[in-house]
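Everything below belongs to work.cif, which stores mmCIF, C-alpha atoms.
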```
data_run
loop_
_atom_site.label_atom_id
_atom_site.label_comp_id
_atom_site.auth_asym_id
_atom_site.auth_seq_id
_atom_site.Cartn_x
_atom_site.Cartn_y
_atom_site.Cartn_z
CA MET Z 1 -2.84 18.32 -42.88
CA ASN Z 2 -1.60 15.92 -40.21
CA ASP Z 3 1.70 17.68 -40.52
CA ALA Z 4 0.28 20.89 -39.08
CA TRP Z 5 -1.05 18.93 -36.13
CA LEU Z 6 2.43 17.65 -35.37
CA ILE Z 7 3.98 21.09 -35.76
CA ILE Z 8 1.73 22.55 -33.09
CA LEU Z 9 2.32 19.57 -30.78
CA LYS Z 10 6.09 19.83 -31.19
CA ARG Z 11 6.03 23.59 -30.78
CA ASP Z 12 4.08 23.46 -27.55
CA LEU Z 13 6.26 20.70 -26.12
CA LEU Z 14 9.36 22.67 -27.05
CA LEU Z 15 7.92 25.78 -25.39
CA ALA Z 16 7.12 23.78 -22.27
CA PHE Z 17 10.67 22.47 -22.28
CA ARG Z 18 12.08 26.00 -22.54
CA ARG Z 19 9.81 27.04 -19.66
CA ARG Z 20 10.33 24.11 -17.37
CA SER Z 21 9.53 26.14 -14.26
CA ASP Z 22 5.89 26.48 -15.40
CA VAL Z 23 5.57 22.71 -15.61
CA ALA Z 24 7.19 22.26 -12.22
CA THR Z 25 4.66 24.66 -10.66
CA THR Z 26 1.75 22.40 -11.55
CA LEU Z 27 3.51 19.35 -10.26
CA PHE Z 28 4.58 20.96 -7.00
CA PHE Z 29 1.07 22.27 -6.50
CA PHE Z 30 -0.25 18.71 -6.74
CA LEU Z 31 2.49 17.46 -4.45
CA ILE Z 32 1.91 20.11 -1.79
CA VAL Z 33 -1.90 20.06 -1.78
CA SER Z 34 -2.00 16.30 -1.45
CA SER Z 35 0.69 16.36 1.24
CA LEU Z 36 -1.18 18.93 3.35
CA PHE Z 37 -4.01 16.54 4.17
CA PRO Z 38 -2.00 13.93 6.10
CA LEU Z 39 -0.45 16.80 8.06
CA GLY Z 40 -3.82 18.31 8.85
CA VAL Z 41 -5.89 15.20 9.42
CA GLY Z 42 -3.29 13.27 11.37
CA PRO Z 43 -1.46 10.03 10.73
CA GLU Z 44 -4.31 7.58 11.38
CA VAL Z 45 -4.10 4.96 8.68
CA ALA Z 46 -7.83 4.20 8.60
CA VAL Z 47 -8.82 7.86 8.14
CA LEU Z 48 -6.10 8.57 5.60
CA SER Z 49 -6.85 5.63 3.37
CA SER Z 50 -10.59 6.39 3.42
CA ILE Z 51 -10.09 10.01 2.31
CA ALA Z 52 -7.25 9.19 -0.08
CA PRO Z 53 -9.25 8.63 -3.31
CA GLY Z 54 -11.19 11.88 -2.97
CA VAL Z 55 -8.24 13.98 -1.85
CA LEU Z 56 -5.89 12.75 -4.55
CA TRP Z 57 -8.48 13.24 -7.25
CA VAL Z 58 -9.42 16.73 -6.07
CA ALA Z 59 -5.73 17.65 -5.96
CA ALA Z 60 -5.30 16.35 -9.51
CA LEU Z 61 -8.37 18.33 -10.60
CA LEU Z 62 -7.06 21.57 -9.13
CA ALA Z 63 -3.55 21.02 -10.48
CA GLY Z 64 -4.98 20.52 -13.95
CA MET Z 65 -7.07 23.64 -13.57
CA ILE Z 66 -4.42 26.11 -12.49
CA SER Z 67 -2.49 25.42 -15.67
CA LEU Z 68 -5.52 25.91 -17.95
CA ASN Z 69 -5.03 29.66 -18.26
CA ARG Z 70 -1.76 29.12 -20.04
CA LEU Z 71 -3.36 26.93 -22.69
CA PHE Z 72 -4.34 29.73 -25.06
CA ALA Z 73 -3.47 32.96 -23.25
CA ALA Z 74 0.09 33.28 -24.57
CA ASP Z 75 -0.99 32.46 -28.12
CA PHE Z 76 -3.72 35.06 -27.81
CA THR Z 77 -1.44 37.88 -26.68
CA ASP Z 78 1.42 37.23 -29.10
CA GLY Z 79 -0.82 36.74 -32.13
CA SER Z 80 0.00 33.11 -32.88
CA LEU Z 81 -3.63 32.23 -32.20
CA GLU Z 82 -4.72 34.51 -35.07
CA GLN Z 83 -2.27 32.73 -37.31
CA MET Z 84 -3.67 29.35 -36.24
CA LEU Z 85 -7.20 30.53 -36.98
CA ILE Z 86 -6.34 31.57 -40.53
CA ALA Z 87 -4.05 28.63 -41.26
CA PRO Z 88 -5.41 26.41 -44.03
CA GLN Z 89 -5.86 23.56 -41.53
CA PRO Z 90 -8.88 22.38 -39.56
CA LEU Z 91 -8.79 24.43 -36.37
CA ALA Z 92 -10.23 21.62 -34.23
CA LEU Z 93 -7.21 19.48 -35.14
CA LEU Z 94 -4.75 22.20 -34.15
CA VAL Z 95 -6.68 22.69 -30.93
CA LEU Z 96 -6.51 18.96 -30.24
CA ALA Z 97 -2.73 19.11 -30.65
CA LYS Z 98 -2.56 21.92 -28.10
CA ILE Z 99 -4.73 19.98 -25.67
CA LEU Z 100 -2.60 16.87 -26.10
CA ALA Z 101 0.54 18.91 -25.41
CA HIS Z 102 -1.13 20.39 -22.32
CA TRP Z 103 -2.01 16.91 -21.06
CA LEU Z 104 1.48 15.54 -21.72
CA VAL Z 105 2.98 18.45 -19.81
CA CYS Z 106 0.47 18.90 -16.97
CA GLY Z 107 -1.60 15.71 -16.80
CA LEU Z 108 0.82 12.87 -17.38
CA PRO Z 109 3.35 13.95 -14.70
CA VAL Z 110 0.50 14.00 -12.15
CA VAL Z 111 -0.51 10.47 -13.19
CA LEU Z 112 3.07 9.29 -12.75
CA LEU Z 113 3.55 11.03 -9.42
CA ALA Z 114 0.23 9.87 -7.96
CA PRO Z 115 1.29 6.38 -6.78
CA LEU Z 116 4.13 7.93 -4.83
CA ILE Z 117 1.71 10.24 -3.06
CA GLY Z 118 -0.71 7.34 -2.63
CA LEU Z 119 1.90 5.69 -0.43
CA GLN Z 120 1.59 8.60 2.02
CA TYR Z 121 -2.03 7.58 2.42
CA ALA Z 122 -1.19 3.92 3.00
CA LEU Z 123 -3.05 2.82 -0.11
CA PRO Z 124 -2.58 -0.90 -0.84
CA ASN Z 125 -0.88 -1.94 -4.07
CA ASP Z 126 -3.98 -2.84 -6.04
CA ALA Z 127 -5.65 0.45 -5.08
CA LEU Z 128 -2.51 2.29 -6.23
CA LEU Z 129 -2.74 0.55 -9.56
CA VAL Z 130 -6.41 1.50 -9.92
CA LEU Z 131 -5.52 5.08 -8.94
CA VAL Z 132 -3.01 5.27 -11.78
CA TRP Z 133 -5.47 3.77 -14.24
CA SER Z 134 -8.27 6.08 -13.18
CA LEU Z 135 -6.04 9.15 -13.51
CA LEU Z 136 -4.71 7.93 -16.84
CA LEU Z 137 -8.25 7.56 -18.19
CA GLY Z 138 -9.69 10.60 -16.43
CA THR Z 139 -7.11 13.39 -16.73
CA PRO Z 140 -7.43 13.67 -20.54
CA THR Z 141 -11.08 14.60 -19.97
CA LEU Z 142 -9.95 17.34 -17.59
CA SER Z 143 -7.67 18.85 -20.24
CA LEU Z 144 -10.32 18.49 -22.96
CA ILE Z 145 -13.18 20.06 -20.99
CA GLY Z 146 -10.84 22.62 -19.49
CA ALA Z 147 -9.85 23.77 -22.97
CA ILE Z 148 -13.44 24.83 -23.67
CA GLY Z 149 -13.45 26.93 -20.52
CA ALA Z 150 -10.04 28.39 -21.29
CA ALA Z 151 -11.16 29.33 -24.81
CA LEU Z 152 -14.40 30.90 -23.61
CA THR Z 153 -12.70 33.08 -21.00
CA LEU Z 154 -9.87 34.17 -23.28
CA GLY Z 155 -9.14 37.87 -22.99
CA VAL Z 156 -11.68 38.33 -20.19
CA ARG Z 157 -10.52 40.14 -17.07
CA GLY Z 158 -10.14 37.84 -14.07
CA SER Z 159 -10.31 34.83 -16.34
CA GLY Z 160 -8.39 32.69 -13.84
CA LEU Z 161 -11.24 32.54 -11.38
CA LEU Z 162 -13.89 32.50 -14.07
CA VAL Z 163 -12.43 29.43 -15.70
CA ALA Z 164 -12.58 27.64 -12.33
CA LEU Z 165 -16.24 28.50 -11.85
CA LEU Z 166 -17.01 27.41 -15.38
CA VAL Z 167 -15.05 24.21 -15.50
CA LEU Z 168 -15.10 22.73 -11.99
CA PRO Z 169 -18.81 21.78 -12.07
CA LEU Z 170 -18.17 19.97 -15.35
CA TYR Z 171 -15.39 17.99 -13.69
CA ILE Z 172 -17.84 16.43 -11.20
CA PRO Z 173 -18.60 13.22 -13.15
CA VAL Z 174 -14.89 12.57 -13.64
CA LEU Z 175 -14.27 13.15 -9.95
CA ILE Z 176 -17.08 10.78 -8.94
CA PHE Z 177 -16.02 7.95 -11.24
CA GLY Z 178 -12.30 8.49 -10.61
CA ALA Z 179 -12.47 8.56 -6.83
CA GLY Z 180 -15.16 5.86 -6.99
CA ALA Z 181 -12.85 3.52 -8.86
CA VAL Z 182 -10.16 3.77 -6.19
CA ALA Z 183 -12.68 3.46 -3.35
CA ALA Z 184 -14.24 0.38 -4.97
CA SER Z 185 -10.89 -1.35 -5.20
CA GLN Z 186 -10.16 -0.46 -1.55
CA HIS Z 187 -13.37 -2.23 -0.57
CA GLY Z 188 -12.45 -5.28 -2.56
CA MET Z 189 -14.87 -4.62 -5.40
CA SER Z 190 -14.11 -4.42 -9.08
CA ALA Z 191 -13.24 -0.96 -10.39
CA GLN Z 192 -14.10 -2.03 -13.91
CA ALA Z 193 -17.42 -0.14 -14.16
CA HIS Z 194 -15.94 3.13 -12.93
CA LEU Z 195 -12.96 2.85 -15.26
CA SER Z 196 -15.20 2.10 -18.24
CA LEU Z 197 -17.27 5.18 -17.48
CA LEU Z 198 -14.11 7.29 -17.19
CA ALA Z 199 -12.97 5.99 -20.56
CA ALA Z 200 -16.39 6.79 -22.00
CA CYS Z 201 -16.16 10.37 -20.68
CA SER Z 202 -12.73 10.70 -22.25
CA LEU Z 203 -13.88 9.44 -25.63
CA LEU Z 204 -16.96 11.63 -25.66
CA SER Z 205 -14.98 14.75 -24.77
CA LEU Z 206 -12.27 13.77 -27.24
CA VAL Z 207 -14.85 14.05 -30.02
CA LEU Z 208 -16.78 17.08 -28.81
CA ALA Z 209 -14.31 19.26 -26.90
CA PRO Z 210 -11.97 20.20 -29.80
CA LEU Z 211 -14.95 21.30 -31.90
CA ALA Z 212 -16.46 23.31 -29.05
CA THR Z 213 -13.07 24.83 -28.21
CA ALA Z 214 -12.46 25.81 -31.84
CA ALA Z 215 -15.86 27.53 -31.97
CA ALA Z 216 -15.18 29.30 -28.67
CA LEU Z 217 -11.77 30.50 -29.91
CA ARG Z 218 -13.30 32.02 -33.03
CA ILE Z 219 -15.72 33.96 -30.84
CA SER Z 220 -13.04 35.06 -28.38
CA VAL Z 221 -10.70 36.33 -31.08
CA GLU Z 222 -13.41 38.53 -32.65
CA MET Y 1 -9.80 38.25 -57.58
CA LEU Y 2 -10.97 39.67 -54.30
CA MET Y 3 -14.35 41.33 -54.28
CA VAL Y 4 -15.80 43.14 -51.30
CA GLN Y 5 -19.39 44.32 -51.17
CA GLY Y 6 -21.22 46.60 -48.78
CA LEU Y 7 -19.17 45.85 -45.69
CA ALA Y 8 -20.26 47.35 -42.42
CA CYS Y 9 -18.47 46.89 -39.12
CA LEU Y 10 -19.89 47.45 -35.68
CA ARG Y 11 -17.62 47.38 -32.62
CA GLY Y 12 -19.64 47.49 -29.44
CA ASP Y 13 -22.42 49.89 -30.44
CA ARG Y 14 -20.18 52.12 -32.53
CA LEU Y 15 -20.42 51.94 -36.30
CA LEU Y 16 -16.85 51.98 -37.63
CA PHE Y 17 -17.70 52.00 -41.32
CA LYS Y 18 -20.44 50.98 -43.72
CA ASN Y 19 -20.83 50.45 -47.45
CA VAL Y 20 -17.19 49.58 -48.01
CA GLY Y 21 -16.77 47.87 -51.35
CA PHE Y 22 -13.95 47.34 -53.83
CA GLU Y 23 -12.42 44.91 -56.26
CA LEU Y 24 -8.80 43.88 -56.26
CA ASN Y 25 -7.34 42.11 -59.28
CA ALA Y 26 -4.08 40.25 -59.84
CA GLY Y 27 -1.15 42.64 -59.59
CA GLY Y 28 -3.20 45.15 -57.64
CA LEU Y 29 -2.15 47.06 -54.55
CA MET Y 30 -4.56 48.69 -52.18
CA TYR Y 31 -3.80 51.18 -49.46
CA VAL Y 32 -6.27 51.40 -46.62
CA LEU Y 33 -5.92 54.82 -45.06
CA GLY Y 34 -7.60 56.49 -42.14
CA GLU Y 35 -7.04 57.97 -38.73
CA ASN Y 36 -6.36 55.88 -35.67
CA GLY Y 37 -9.55 54.12 -34.66
CA SER Y 38 -11.22 54.49 -38.06
CA GLY Y 39 -11.46 50.72 -38.42
CA LYS Y 40 -8.48 49.87 -40.66
CA SER Y 41 -7.41 46.88 -38.60
CA SER Y 42 -11.01 45.71 -38.22
CA LEU Y 43 -11.44 45.87 -42.00
CA LEU Y 44 -8.32 43.77 -42.50
CA ARG Y 45 -9.52 41.26 -39.93
CA ILE Y 46 -12.85 41.00 -41.73
CA LEU Y 47 -11.01 40.41 -45.01
CA CYS Y 48 -9.08 37.57 -43.33
CA GLY Y 49 -12.23 36.01 -41.95
CA LEU Y 50 -11.17 36.61 -38.35
CA LEU Y 51 -14.06 39.00 -37.79
CA LYS Y 52 -17.62 38.67 -39.06
CA PRO Y 53 -18.91 41.81 -40.77
CA GLU Y 54 -22.20 43.29 -39.61
CA GLU Y 55 -23.32 43.48 -43.23
CA GLY Y 56 -21.90 42.64 -46.62
CA GLY Y 57 -19.57 39.95 -47.84
CA VAL Y 58 -16.05 39.14 -49.01
CA PHE Y 59 -15.64 37.00 -52.11
CA TRP Y 60 -12.50 35.24 -53.31
CA ASN Y 61 -12.64 34.21 -56.97
CA GLY Y 62 -16.40 34.61 -56.83
CA LYS Y 63 -17.02 32.51 -53.73
CA PRO Y 64 -17.80 33.78 -50.23
CA ILE Y 65 -14.70 33.31 -48.07
CA ASP Y 66 -16.61 31.57 -45.29
CA LEU Y 67 -17.71 28.81 -47.70
CA ASP Y 68 -14.39 27.65 -49.14
CA THR Y 69 -12.39 28.70 -46.13
CA ASP Y 70 -9.47 26.31 -46.63
CA ILE Y 71 -8.91 27.34 -50.24
CA TYR Y 72 -9.05 31.03 -49.34
CA GLN Y 73 -6.76 30.62 -46.36
CA ALA Y 74 -4.20 28.76 -48.47
CA ASP Y 75 -4.12 31.81 -50.77
CA LEU Y 76 -3.82 34.25 -47.89
CA THR Y 77 -0.94 35.61 -45.85
CA TYR Y 78 -1.90 37.94 -43.04
CA ILE Y 79 0.51 39.79 -40.81
CA GLY Y 80 -1.40 41.77 -38.23
CA HIS Y 81 -0.16 44.27 -35.72
CA LEU Y 82 0.77 41.33 -33.50
CA ASN Y 83 3.83 39.50 -34.77
CA GLY Y 84 2.70 35.98 -33.94
CA LEU Y 85 6.15 35.07 -32.63
CA LYS Y 86 7.03 33.01 -29.58
CA ASP Y 87 9.53 34.76 -27.31
CA ASP Y 88 11.06 31.47 -26.18
CA LEU Y 89 11.74 30.14 -29.68
CA THR Y 90 14.54 31.33 -31.90
CA ALA Y 91 13.87 33.47 -34.97
CA LEU Y 92 14.61 30.51 -37.21
CA GLU Y 93 12.27 28.18 -35.30
CA ASN Y 94 9.51 30.79 -35.32
CA LEU Y 95 9.83 31.33 -39.04
CA GLN Y 96 9.84 27.63 -39.86
CA ILE Y 97 6.82 26.91 -37.68
CA SER Y 98 4.74 29.71 -39.14
CA ALA Y 99 5.71 28.77 -42.70
CA ARG Y 100 4.87 25.11 -42.16
CA LEU Y 101 1.59 26.01 -40.49
CA ALA Y 102 0.73 27.96 -43.63
CA GLY Y 103 1.49 24.85 -45.67
CA ASN Y 104 4.99 25.67 -46.99
CA GLN Y 105 7.75 23.16 -46.38
CA VAL Y 106 10.99 25.00 -45.71
CA ASP Y 107 14.44 23.74 -44.77
CA ASP Y 108 16.98 25.63 -42.71
CA ALA Y 109 18.82 27.12 -45.68
CA VAL Y 110 15.70 28.57 -47.26
CA ALA Y 111 14.50 29.98 -43.96
CA LEU Y 112 17.93 31.50 -43.27
CA ASN Y 113 17.90 33.09 -46.72
CA SER Y 114 14.64 34.84 -46.04
CA LEU Y 115 15.89 36.08 -42.68
CA ALA Y 116 18.97 37.36 -44.48
CA ALA Y 117 16.81 39.06 -47.10
CA ILE Y 118 15.35 41.40 -44.50
CA GLY Y 119 18.62 41.66 -42.61
CA VAL Y 120 18.05 39.61 -39.47
CA ALA Y 121 20.21 36.58 -40.32
CA ARG Y 122 22.45 37.41 -37.35
CA CYS Y 123 19.51 36.87 -35.00
CA ALA Y 124 18.54 33.49 -36.48
CA ASN Y 125 19.54 31.48 -33.44
CA LEU Y 126 18.58 33.98 -30.76
CA PRO Y 127 15.33 33.66 -28.84
CA VAL Y 128 12.93 36.24 -30.21
CA GLY Y 129 12.35 37.54 -26.66
CA VAL Y 130 15.76 39.23 -26.63
CA LEU Y 131 15.30 41.02 -29.97
CA SER Y 132 14.28 44.64 -30.38
CA GLN Y 133 10.81 45.65 -31.58
CA GLY Y 134 12.06 46.34 -35.09
CA GLN Y 135 13.96 43.06 -35.26
CA LYS Y 136 10.89 41.11 -34.14
CA ARG Y 137 8.84 42.84 -36.80
CA ARG Y 138 11.42 41.87 -39.41
CA VAL Y 139 11.41 38.23 -38.28
CA ALA Y 140 7.61 38.21 -38.68
CA LEU Y 141 7.89 39.84 -42.12
CA ALA Y 142 10.50 37.31 -43.26
CA ARG Y 143 7.52 35.02 -43.93
CA LEU Y 144 6.84 37.11 -47.02
CA TRP Y 145 9.97 35.65 -48.62
CA LEU Y 146 8.70 32.10 -48.05
CA THR Y 147 5.00 32.24 -48.76
CA ARG Y 148 3.52 31.34 -52.13
CA SER Y 149 0.08 32.73 -51.39
CA GLN Y 150 -1.42 35.25 -53.76
CA LEU Y 151 -3.14 37.65 -51.41
CA TRP Y 152 -1.15 39.48 -48.76
CA ILE Y 153 -2.91 41.46 -46.08
CA LEU Y 154 -0.48 43.52 -44.03
CA ASP Y 155 -1.35 45.72 -41.08
CA GLU Y 156 1.22 48.50 -40.64
CA PRO Y 157 4.13 46.44 -41.99
CA PHE Y 158 6.44 49.46 -42.08
CA ALA Y 159 5.92 50.44 -38.45
CA ALA Y 160 9.08 50.04 -36.31
CA LEU Y 161 11.26 49.35 -39.38
CA ASP Y 162 14.39 51.33 -40.19
CA THR Y 163 14.63 53.07 -43.56
CA ALA Y 164 16.81 50.38 -45.15
CA SER Y 165 14.31 47.67 -44.20
CA VAL Y 166 11.41 49.78 -45.48
CA ASP Y 167 13.07 49.87 -48.91
CA VAL Y 168 13.75 46.12 -48.86
CA LEU Y 169 10.16 45.36 -47.93
CA ALA Y 170 8.77 47.78 -50.52
CA ALA Y 171 10.90 46.04 -53.16
CA ARG Y 172 9.61 42.65 -52.05
CA LEU Y 173 6.01 43.90 -52.27
CA GLY Y 174 6.71 45.24 -55.76
CA GLU Y 175 8.12 41.88 -56.78
CA HIS Y 176 5.01 40.13 -55.42
CA MET Y 177 2.71 42.37 -57.43
CA SER Y 178 4.74 41.92 -60.62
CA ASN Y 179 4.25 38.15 -60.17
CA GLY Y 180 0.49 38.66 -60.19
CA GLY Y 181 0.06 38.91 -56.43
CA MET Y 182 -2.24 41.26 -54.58
CA THR Y 183 -1.55 43.28 -51.48
CA ILE Y 184 -3.77 45.15 -49.10
CA ILE Y 185 -1.81 47.33 -46.75
CA THR Y 186 -2.37 49.92 -44.06
CA THR Y 187 0.35 52.45 -43.45
CA HIS Y 188 0.96 55.93 -42.14
CA GLN Y 189 4.24 56.28 -44.00
CA GLU Y 190 4.91 57.52 -47.51
CA VAL Y 191 6.38 54.48 -49.25
CA THR Y 192 6.69 53.96 -52.97
CA ILE Y 193 5.61 50.50 -54.02
CA HIS Y 194 5.46 49.53 -57.66
CA ALA Y 195 2.27 47.81 -58.75
CA GLN Y 196 0.30 47.30 -61.94
CA SER Y 197 -2.63 49.10 -60.39
CA THR Y 198 -2.86 51.03 -57.16
CA GLN Y 199 -6.01 52.06 -55.37
CA THR Y 200 -6.70 53.80 -52.11
CA LEU Y 201 -9.51 53.23 -49.69
CA ARG Y 202 -10.04 55.96 -47.14
CA LEU Y 203 -11.98 55.18 -44.00
CA SER Y 204 -13.33 58.15 -42.13
CA ALA Y 205 -14.17 57.85 -38.47
#
```
Encoded form using structure tokens:
Amino acid sequence: MNDAWLIILKRDLLLAFRRRSDVATTLFFFLIVSSLFPLGVGPEVAVLSSIAPGVLWVAALLAGMISLNRLFAADFTDGSLEQMLIAPQPLALLVLAKILAHWLVCGLPVVLLAPLIGLQYALPNDALLVLVWSLLLGTPTLSLIGAIGAALTLGVRGSGLLVALLVLPLYIPVLIFGAGAVAASQHGMSAQAHLSLLAACSLLSLVLAPLATAAALRISVE
Amino acid sequence: MLMVQGLACLRGDRLLFKNVGFELNAGGLMYVLGENGSGKSSLLRILCGLLKPEEGGVFWNGKPIDLDTDIYQADLTYIGHLNGLKDDLTALENLQISARLAGNQVDDAVALNSLAAIGVARCANLPVGVLSQGQKRRVALARLWLTRSQLWILDEPFAALDTASVDVLAARLGEHMSNGGMTIITTHQEVTIHAQSTQTLRLSA
């Protein structure tokens, strides 16, 4: 049973490796969006560091979202999704493996790149550290919730935009706590509460999202 | 034993078929025939549990398939009109992944043998994306040499195959039935398959 979970994880990572350009797109998107703001707003340190938490988090949100379409679309068109649905394995577990692969490929690189971008915004060291922590705890939620949206809009025309409309409002709590954590640390307060709430969001969606996604996939494939 | 009772299928607001019922026993082969759009693929998808019927039920060894889903799915191999192959993976990788997902452990040699059985051993290490339509189909069908499941549901397995491959596949299906397997198949081609009992279900649009 656990074996099947690993097979899907390995397969998706291997596919991502064979299609490295797709992964790079997400990362460059994050890089460019978050680099546009200093160019547009101007190089004033006070302004930049006050908008930094929000801007970086929104950029991470959007970067996570543009890659959502790929989560199930290819499996849907080539028929591997059908095979996953009728495999003698719990579908939610297979879905979780796909979401984990998606996060490793699209979420984790953003987390690792974020402190570098944070430097552009003159974030102090402790705020950078909080930024990394908040993204590390928050981005899994983005992949998990995003998977529900991706599954629901599977095979629908114009699903790219639809998934954004569906999923972005659900990202709001993560955005508030994530950006809040960084802002709190900038103002010399503890980010502990925000980070705990982010972790709570992640755990809750870890339990519920795979089940909801599996149900949505069954409906979409009909 | 597969038992099907009073199936009806509605796509949109169009009734594809109703009152479809049959029994399929060990060693039995069933052809599902009908024009394009008469609901053959939909029927097969209902039998796999991918599609919910409007009415009626499908029973495997006396139990509804949506109750003991895992047991039924372990006994089932379905190859639809989509091949379920990843263009970026090699034929060998594709075959191994799909076999392991279905619960069969296979090593390289066994997987290569089954690719060789249907004549695509040369393509084993090529990405499936560069293969022709017929070769892709054969890579997908190579699963039939690995699976141990009893019930095979095949949607147009002979489409896009050359005559030599059709004969190889027909022989493999015959072998499956002589081992007590069951096959449900849709096809537009005249192919002789040996089975202990053969029945035909005709869907009319």
Among Y:Cys123, Y:Ile71, Y:Leu154, Y:Val139, chain Z is approached most closely, using only C-alpha atoms, by Y:Ile71
Hey, list the chain Z side of the contact with chain Y: 12 Å cut-off, all atoms listed in the file, answer as a ChimeraX atom specification. /Z:1-20,74-91,94,217-222
Result set of the PyMOL selection byres ((chain Z and resi 148) around 8) on the coordinates above, as JSON, numbers by chain: {"Z": [144, 145, 146, 147, 149, 150, 151, 152, 209, 210, 212, 213, 216]}
Output file for the selection above: C-alpha atoms, as a PDB file, in the frame of the given file:
```
ATOM      1  CA  LEU Z 144     -10.320  18.490 -22.960  1.00  0.00           C
ATOM      2  CA  ILE Z 145     -13.180  20.060 -20.990  1.00  0.00           C
ATOM      3  CA  GLY Z 146     -10.840  22.620 -19.490  1.00  0.00           C
ATOM      4  CA  ALA Z 147      -9.850  23.770 -22.970  1.00  0.00           C
ATOM      5  CA  GLY Z 149     -13.450  26.930 -20.520  1.00  0.00           C
ATOM      6  CA  ALA Z 150     -10.040  28.390 -21.290  1.00  0.00           C
ATOM      7  CA  ALA Z 151     -11.160  29.330 -24.810  1.00  0.00           C
ATOM      8  CA  LEU Z 152     -14.400  30.900 -23.610  1.00  0.00           C
ATOM      9  CA  ALA Z 209     -14.310  19.260 -26.900  1.00  0.00           C
ATOM     10  CA  PRO Z 210     -11.970  20.200 -29.800  1.00  0.00           C
ATOM     11  CA  ALA Z 212     -16.460  23.310 -29.050  1.00  0.00           C
ATOM     12  CA  THR Z 213     -13.070  24.830 -28.210  1.00  0.00           C
ATOM     13  CA  ALA Z 216     -15.180  29.300 -28.670  1.00  0.00           C
TER      14      ALA Z 216
END
```
For atom CA of Ser159 of chain Z and atom CA of Arg70 of chain Z, quote the distance in Å rounded to one decimal.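 Spanning atom CA of Ser159 of chain Z to atom CA of Arg70 of chain Z is a straight-line distance of 10.9 Å.
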Residue nearest Ser143 of chain Z among Z:Gly155, Z:Gly188, Z:Gly64, Z:Gly54 (counting all atoms listed in the file):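 That would be Z:Gly64, the residue with the smallest distance to Ser143 of chain Z.
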For the provided coordinates, the residues matched by the PyMOL selection byres ((chain Y and resi 167) around 12) should be stated as a PyMOL selection string. chain Y and resi 117-119+157-158+161-166+168-174+189-194
Filtering to C-alpha atoms, could you give me those residues as a compact mmCIF listing (two decimals), in the frame of the given file?
```txt
# COMPACT_ATOMS: atom_id res chain seq x y z
CA ALA Y 117 16.81 39.06 -47.10
CA ILE Y 118 15.35 41.40 -44.50
CA GLY Y 119 18.62 41.66 -42.61
CA PRO Y 157 4.13 46.44 -41.99
CA PHE Y 158 6.44 49.46 -42.08
CA LEU Y 161 11.26 49.35 -39.38
CA ASP Y 162 14.39 51.33 -40.19
CA THR Y 163 14.63 53.07 -43.56
CA ALA Y 164 16.81 50.38 -45.15
CA SER Y 165 14.31 47.67 -44.20
CA VAL Y 166 11.41 49.78 -45.48
CA VAL Y 168 13.75 46.12 -48.86
CA LEU Y 169 10.16 45.36 -47.93
CA ALA Y 170 8.77 47.78 -50.52
CA ALA Y 171 10.90 46.04 -53.16
CA ARG Y 172 9.61 42.65 -52.05
CA LEU Y 173 6.01 43.90 -52.27
CA GLY Y 174 6.71 45.24 -55.76
CA GLN Y 189 4.24 56.28 -44.00
CA GLU Y 190 4.91 57.52 -47.51
CA VAL Y 191 6.38 54.48 -49.25
CA THR Y 192 6.69 53.96 -52.97
CA ILE Y 193 5.61 50.50 -54.02
CA HIS Y 194 5.46 49.53 -57.66
```
Give me the result of the PyMOL selection byres ((chain Y and resi 61-63) around 12) on this file, residue by residue, as a PyMOL selection string. chain Y and resi 1-5+23-26+57-60+64-69+71-72+75+150-151
Distance of atom CA of Ala160 of chain Y from atom CA of Ser132 of chain Y, expressed in Å to one decimal place: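 Computed distance, atom CA of Ser132 of chain Y to atom CA of Ala160 of chain Y, equals 9.6 Å.
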Measuring atom to atom with all atoms listed in the file, identify which of Z:Leu112, Z:Trp57, Z:Leu131, Z:Asp126 is nearest to Val182 of chain Z.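 Looking at the shortest contact to Val182 of chain Z, the residue is Z:Leu131.
Of note, atom CA of Val47 of chain Z and atom CA of Pro109 of chain Z are spaced 26.6 Å apart.
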Residue among Z:Ala127, Z:Ala164, Z:Leu206, Z:Ala214 lying closest to Ser185 of chain Z, counting only C-alpha atoms: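 Looking at the shortest contact to Ser185 of chain Z, the residue is Z:Ala127.
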How big is the axis-aligned box around all listed atoms of segment 197-216 of chain Z once 5 Å goes on each side, and where's its centre, in Å to one decimal, as JSON?
```
{"center_x": -14.6, "center_y": 17.2, "center_z": -24.6, "size_x": 15.3, "size_y": 34.1, "size_z": 24.8}
```
Taking (14.3, 32.7, -38.7) in the coordinates of the supplied file, I want to know which residues reach to within 8 Å of it, counting only C-alpha atoms; could you give the answer as a list in words?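 Checking each residue against the 8 Å limit leaves Thr90, Ala91, Leu92, Glu93, Asn94, Leu95, Gln96, Ala111, Leu112, Ser114, Leu115, Val120, Ala121, Cys123, Ala124, Asn125, Val139 and Ala142 of chain Y.
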Z:Met65, Z:Ala181, Z:Val156, Z:Leu211: which is nearest Leu129 of chain Z, counting all atoms listed in the file?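 The shortest atom-to-atom distance to Leu129 of chain Z comes from Z:Ala181.
Nearest residue to Leu100 of chain Z, choosing from Z:Leu71, Z:Val33, Z:Val132, Z:Ala184 and counting only C-alpha atoms: Z:Leu71.
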